[in-house]
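A quick write-up on the structure given underneath.
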Amino acid sequence: MLNTIYQLARPRQFELAFQDIEMDDEQVIVRPTYLSICHADQRYYQGLRPKEIMKQKLPMALIHEGIGKVIYDPTGTFAIGDTVVMIPNRPVEQDDYIAENYLRTSKFCASSVNGFLQEYVQALPDRFVKLPEGINPAIAAFTEIVSVSYHAVSRFIGFSHARRDTIAVWGDGNLGYITSLILRKMLPEAKIYIFGVIENKLADFTFADGTYQVMDIPADMTFDHAFECVGGNAAPVAINQIIDYIKPEGTISILGVTEDNAPINTRMILEKGLRLFGSSRSGRSDYEGLLELYEKNPDMISYLENIMGAEVVVRSIKDITTAFEMDIHKMMGKTVMVWEE
């Protein structure tokens with residue numbers, strides 16, 4: 001079975017590659033239908049990663065957020081035509097203490113192996129999760145990033161002390177919005193406060209208990225715990241602001257990605273006895289837990305529709321390039337490619 005792979009050959013240039021898929025009795029084959037563009041994809045597309053990384057990774061198919069339809073399943077796990085969420089993590093071993101997304105041997109689609117920007121995706125059945133009925137497929141396309149927030153909040157509940165009356169989230173972008181929404185649903189009794197820089201974006205956090213611009217934080221502001229969802233060059237500023245305002249023995253969850261080292265106020269971390277932990281990617285259990293959370297809280301999909309950006313129908317390399325270029329210039333929201341045959 002011949003598979004067409006849409007690889008990024010160099011910044012802003014996709015090329016076709018072809019590969020035979022051997023249909024065995026263990027692996028499921030899925031045809032991607034809705035694919036969501038992530039910041040990580042853009043860093044490759046625009047050539048923003050270090051040159052040595054670009055040289056090592058390319059050519060490579062991008063995209064690690066998406067859903068598709070099952071076209072072949074010799075295991076009987078799925079019915080032909082089932083819509084499934086595709087899990088980009090590819091573990092090759094199990095560990096009693098280290099989760100699959102932190103094992104150094106695990107591969108990850110659109111990072112160490114080809115992503116979902118291909119005609120067919122083949123993997124073991126545990127790399128797919130059936131999507132419940134009635135979920136907007138464009139929203140389901142970016143289940144991966146939502147599962148990362150779910151993963152971080154789940155770990156936070158395990159790491160933090162039980163006084164969770166007030167939780168702050170730094171970041172008014174997609175990641176901050178998603179993480180805040182997960183916190184609202186998983187810890188409904190907590191007061192959730194958002195800290196950002198753009199007033200129009202902060203206005204979208206209608207489920208939060210309060211929003212603040214980071215240049216105008218009240219002097220007496222305090223909170224029990226915090227999540228950093230900023231990343232980039234602003235990450236050090238955000239983390240240090242959190243350290244300034246958080247209560248002693250609070251827990252700080254770091255989610256934002258930055259290419260550079262972040263200088264932080266270790267003296268105050270010691271004085272306050274703070275816990276800092278990082279979270280990256282997610283595993284199958286996070287997808288399963290998130291989809292259960294969707295079923296218990298169907299209004300989550302409506303909230304997530306607020307960060308839905310453009311839907312772009314793609315049939316060719318030209319269409320894919322158009323979608324990536326549109327995504328660069330968006331103010332906020334997720335750009336989703338609707339893959340048509």
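Naming works like this for the structure tokens: A, B, ... for the chains as they're shown, residue 1 at the start of each chain, ligands 1 onward in shown order.
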Practice task
Determine which residues of stretch 88-241 of chain A receive a DSSP assignment of strand (DSSP E), computed from the backbone, and state them as a list of chain:residue names.
Solution key: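 Across stretch 88-241 of chain A, those assigned strand (DSSP E) are A:Asn89, A:Arg90, A:Lys107, A:Phe108, A:Val121, A:Gln122, A:Ala123, A:Phe128, A:Val129, A:Lys130, A:Thr166, A:Ile167, A:Ala168, A:Val169, A:Trp170, A:Lys191, A:Ile192, A:Tyr193, A:Ile194, A:Phe195, A:Gly196, A:Gly210, A:Thr211, A:Tyr212, A:Gln213, A:His225, A:Ala226, A:Phe227, A:Glu228.
Relative to atom CA of A:His39, atom CA of A:Ile328 is found at 9.3 Å.
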For A:Leu131, find every residue with an atom within 9 Å (counting only C-alpha atoms), except residues of its own chain fewer than 2 positions away, and show them as a PDB file with N, CA and C atoms, in the first residue's frame.
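File produced: out13.pdb:
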```pdb
ATOM      1  N   ILE A  67      -7.196  14.124  14.119  1.00  0.00           N
ATOM      2  CA  ILE A  67      -8.104  12.981  14.174  1.00  0.00           C
ATOM      3  C   ILE A  67      -8.175  12.360  12.781  1.00  0.00           C
ATOM      4  N   ASP A  82     -14.630   4.262  12.064  1.00  0.00           N
ATOM      5  CA  ASP A  82     -14.592   4.944  13.359  1.00  0.00           C
ATOM      6  C   ASP A  82     -13.695   6.172  13.283  1.00  0.00           C
ATOM      7  N   THR A  83     -14.131   7.256  13.942  1.00  0.00           N
ATOM      8  CA  THR A  83     -13.286   8.440  14.066  1.00  0.00           C
ATOM      9  C   THR A  83     -12.471   8.318  15.340  1.00  0.00           C
ATOM     10  N   VAL A  84     -11.163   8.498  15.210  1.00  0.00           N
ATOM     11  CA  VAL A  84     -10.264   8.330  16.350  1.00  0.00           C
ATOM     12  C   VAL A  84      -9.346   9.539  16.490  1.00  0.00           C
ATOM     13  N   VAL A  85      -8.954   9.790  17.734  1.00  0.00           N
ATOM     14  CA  VAL A  85      -7.909  10.774  18.011  1.00  0.00           C
ATOM     15  C   VAL A  85      -6.574  10.059  17.883  1.00  0.00           C
ATOM     16  N   VAL A 129      -7.495   6.621  20.069  1.00  0.00           N
ATOM     17  CA  VAL A 129      -8.601   6.576  21.020  1.00  0.00           C
ATOM     18  C   VAL A 129      -9.868   6.973  20.267  1.00  0.00           C
ATOM     19  N   GLU A 133     -19.236  10.382  20.231  1.00  0.00           N
ATOM     20  CA  GLU A 133     -20.152  10.992  19.262  1.00  0.00           C
ATOM     21  C   GLU A 133     -20.469  12.436  19.644  1.00  0.00           C
ATOM     22  N   GLY A 134     -20.685  13.263  18.636  1.00  0.00           N
ATOM     23  CA  GLY A 134     -21.206  14.604  18.853  1.00  0.00           C
ATOM     24  C   GLY A 134     -20.186  15.685  19.128  1.00  0.00           C
ATOM     25  N   ILE A 135     -18.902  15.362  19.120  1.00  0.00           N
ATOM     26  CA  ILE A 135     -17.880  16.378  19.368  1.00  0.00           C
ATOM     27  C   ILE A 135     -17.479  17.019  18.041  1.00  0.00           C
ATOM     28  N   ALA A 140     -12.006  18.608  18.114  1.00  0.00           N
ATOM     29  CA  ALA A 140     -11.335  17.341  18.412  1.00  0.00           C
ATOM     30  C   ALA A 140      -9.941  17.296  17.793  1.00  0.00           C
ATOM     31  N   LEU A 291     -11.239  12.812  27.429  1.00  0.00           N
ATOM     32  CA  LEU A 291     -12.482  12.523  26.720  1.00  0.00           C
ATOM     33  C   LEU A 291     -13.609  12.210  27.702  1.00  0.00           C
TER      34      LEU A 291
END
```
Write out as CSV the residues of stretch 257-332 of chain A that have any atom within 9 Å of an atom of stretch 198-220 of chain A, one row each with the nearest atom pair and its distance in Å to one decimal, counting only C-alpha atoms, sorted by chain and then rising number.
```
residue,atom,partner,partner_atom,distance
A:Tyr303,CA,A:Phe207,CA,8.8
A:Asn306,CA,A:Asp204,CA,7.5
A:Ile307,CA,A:Asp204,CA,8.8
A:Met332,CA,A:Lys201,CA,8.1
```
Problem - Surrounding residues of A:Glu228 excluding itself and chain neighbours under 5 positions, 12 Å, only C-alpha atoms, as an MDAnalysis selection string - result: chainID A and resid 149 152:153 167:173 175:177 179:180 194:196 234:243 251:258 276:279
Fill in the blank from the handout: Restricting to only C-alpha atoms, whichever of A:Phe159, A:Phe116, A:Tyr6, A:Phe78 is closest to A:Phe128 is A:Phe78
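Residues in contact with A:Thr166 at 10 Å, where only C-alpha atoms are counted and same-chain residues fewer than 4 positions away are skipped, are listed as Glu189, Ala190, Lys191, Ile192, Tyr193, Asp209, Thr222, Phe223, Asp224, His225, Ala226 and Ile246 of chain A.
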Write the residues of the selection above to a file with all heavy atoms, as a CSV table (one decimal), in the first residue's frame.
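What ended up in selection-v5.csv:
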```csv
chain,number,residue,atom,x,y,z
A,189,GLU,N,-14.2,24.1,42.8
A,189,GLU,CA,-14.3,25.0,44.0
A,189,GLU,C,-13.2,26.1,44.1
A,189,GLU,O,-13.3,27.0,44.8
A,189,GLU,CB,-14.2,24.1,45.3
A,189,GLU,CG,-15.3,23.0,45.4
A,189,GLU,CD,-16.7,23.6,45.3
A,189,GLU,OE1,-16.9,24.6,46.0
A,189,GLU,OE2,-17.5,23.0,44.6
A,190,ALA,N,-12.2,25.9,43.3
A,190,ALA,CA,-11.1,26.9,43.3
A,190,ALA,C,-11.4,28.2,42.6
A,190,ALA,O,-12.2,28.2,41.6
A,190,ALA,CB,-9.8,26.3,42.7
A,191,LYS,N,-10.9,29.3,43.0
A,191,LYS,CA,-11.0,30.6,42.3
A,191,LYS,C,-9.8,30.6,41.3
A,191,LYS,O,-8.7,30.4,41.7
A,191,LYS,CB,-11.0,31.8,43.2
A,191,LYS,CG,-12.2,31.9,44.0
A,191,LYS,CD,-12.3,33.2,44.8
A,191,LYS,CE,-13.6,33.3,45.6
A,191,LYS,NZ,-14.8,33.3,44.8
A,192,ILE,N,-10.1,30.9,40.0
A,192,ILE,CA,-9.1,30.9,39.0
A,192,ILE,C,-8.9,32.3,38.5
A,192,ILE,O,-9.8,33.0,38.1
A,192,ILE,CB,-9.5,30.0,37.8
A,192,ILE,CG1,-10.0,28.6,38.2
A,192,ILE,CG2,-8.4,29.9,36.8
A,192,ILE,CD1,-9.0,27.8,38.9
A,193,TYR,N,-7.6,32.8,38.6
A,193,TYR,CA,-7.3,34.1,38.1
A,193,TYR,C,-6.3,34.1,37.0
A,193,TYR,O,-5.4,33.3,37.0
A,193,TYR,CB,-6.7,34.9,39.3
A,193,TYR,CG,-7.6,35.1,40.5
A,193,TYR,CD1,-7.4,34.5,41.7
A,193,TYR,CD2,-8.7,35.9,40.3
A,193,TYR,CE1,-8.3,34.6,42.7
A,193,TYR,CE2,-9.6,36.1,41.4
A,193,TYR,CZ,-9.4,35.4,42.6
A,193,TYR,OH,-10.3,35.6,43.6
A,209,ASP,N,-12.5,33.7,37.5
A,209,ASP,CA,-13.0,34.5,38.6
A,209,ASP,C,-12.4,35.9,38.6
A,209,ASP,O,-12.9,36.8,39.3
A,209,ASP,CB,-12.7,33.9,40.0
A,209,ASP,CG,-13.4,32.6,40.1
A,209,ASP,OD1,-14.6,32.6,40.4
A,209,ASP,OD2,-12.8,31.5,40.0
A,222,THR,N,-2.3,37.7,46.1
A,222,THR,CA,-1.6,36.4,46.5
A,222,THR,C,-2.5,35.3,46.0
A,222,THR,O,-3.7,35.5,45.7
A,222,THR,CB,-1.5,36.3,48.0
A,222,THR,OG1,-2.8,36.3,48.7
A,222,THR,CG2,-0.6,37.3,48.6
A,223,PHE,N,-1.9,34.1,45.9
A,223,PHE,CA,-2.6,32.9,45.5
A,223,PHE,C,-1.9,31.7,46.0
A,223,PHE,O,-0.7,31.8,46.3
A,223,PHE,CB,-2.8,32.9,43.9
A,223,PHE,CG,-1.6,33.4,43.2
A,223,PHE,CD1,-0.5,32.5,43.0
A,223,PHE,CD2,-1.5,34.7,42.7
A,223,PHE,CE1,0.6,33.0,42.3
A,223,PHE,CE2,-0.4,35.1,42.0
A,223,PHE,CZ,0.7,34.3,41.8
A,224,ASP,N,-2.6,30.6,46.0
A,224,ASP,CA,-2.0,29.4,46.6
A,224,ASP,C,-1.0,28.7,45.6
A,224,ASP,O,0.1,28.2,46.0
A,224,ASP,CB,-3.1,28.4,47.0
A,224,ASP,CG,-4.0,28.9,48.0
A,224,ASP,OD1,-3.5,29.5,49.0
A,224,ASP,OD2,-5.2,28.8,47.9
A,225,HIS,N,-1.4,28.6,44.3
A,225,HIS,CA,-0.6,27.9,43.3
A,225,HIS,C,-0.7,28.6,42.0
A,225,HIS,O,-1.5,29.5,41.9
A,225,HIS,CB,-1.1,26.5,43.2
A,225,HIS,CG,-1.3,25.7,44.5
A,225,HIS,ND1,-0.2,25.2,45.2
A,225,HIS,CD2,-2.4,25.4,45.2
A,225,HIS,CE1,-0.6,24.6,46.2
A,225,HIS,NE2,-1.9,24.7,46.3
A,226,ALA,N,0.2,28.2,41.0
A,226,ALA,CA,0.1,28.9,39.8
A,226,ALA,C,0.6,28.0,38.6
A,226,ALA,O,1.3,27.1,38.8
A,226,ALA,CB,1.0,30.2,39.8
A,246,ILE,N,3.1,34.4,44.8
A,246,ILE,CA,2.6,33.2,45.3
A,246,ILE,C,2.8,33.0,46.8
A,246,ILE,O,3.8,33.6,47.3
A,246,ILE,CB,3.2,32.0,44.5
A,246,ILE,CG1,2.5,30.7,44.7
A,246,ILE,CG2,4.7,31.8,44.9
A,246,ILE,CD1,2.9,29.5,43.8
```
Handout entry: Computed interatomic separation between atom CA of A:Gly289 and atom CA of A:Val28 (Å)
Key =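 Interatomic distance here is 22.1 Å.
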Problem - atom CA of A:Leu290 to atom CA of A:Ile63, distance in Å rounded to a single decimal - result: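 Distance between the two atoms: 20.2 Å.
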Each residue of stretch 15-73 of chain A lying at most 6 Å from stretch 108-115 of chain A should get a row with its shortest atom-to-atom pair and the distance in Å to one decimal, counting only C-alpha atoms; could you produce that, ordered by chain and increasing number, as a Markdown table?
```
| residue | atom | partner | partner_atom | distance |
| --- | --- | --- | --- | --- |
| A:Met60 | CA | A:Asn114 | CA | 5.4 |
| A:Ala61 | CA | A:Asn114 | CA | 4.7 |
| A:Leu62 | CA | A:Ala110 | CA | 4.6 |
| A:Ile63 | CA | A:Gly115 | CA | 5.1 |
| A:His64 | CA | A:Gly115 | CA | 5.6 |
```
Practice task
Tell me which protein, DNA and RNA residues are within 8 Å of A:Glu144, counting only C-alpha atoms, leaving out same-chain ones fewer than 4 positions away, and put them as a ChimeraX atom specification.
Solution key: /A:64-66,87,148,282,287
Would you save the residues from that selection as a tab-separated table (two decimals), in the first residue's frame, using C-alpha atoms?
```
chain	number	residue	atom	x	y	z
A	64	HIS	CA	1.04	16.08	15.92
A	65	GLU	CA	-2.55	17.18	16.60
A	66	GLY	CA	-5.30	15.46	14.65
A	87	ILE	CA	-1.76	9.95	19.80
A	148	VAL	CA	-1.21	18.30	27.69
A	282	SER	CA	0.92	13.55	27.36
A	287	TYR	CA	-6.46	11.32	26.32
```
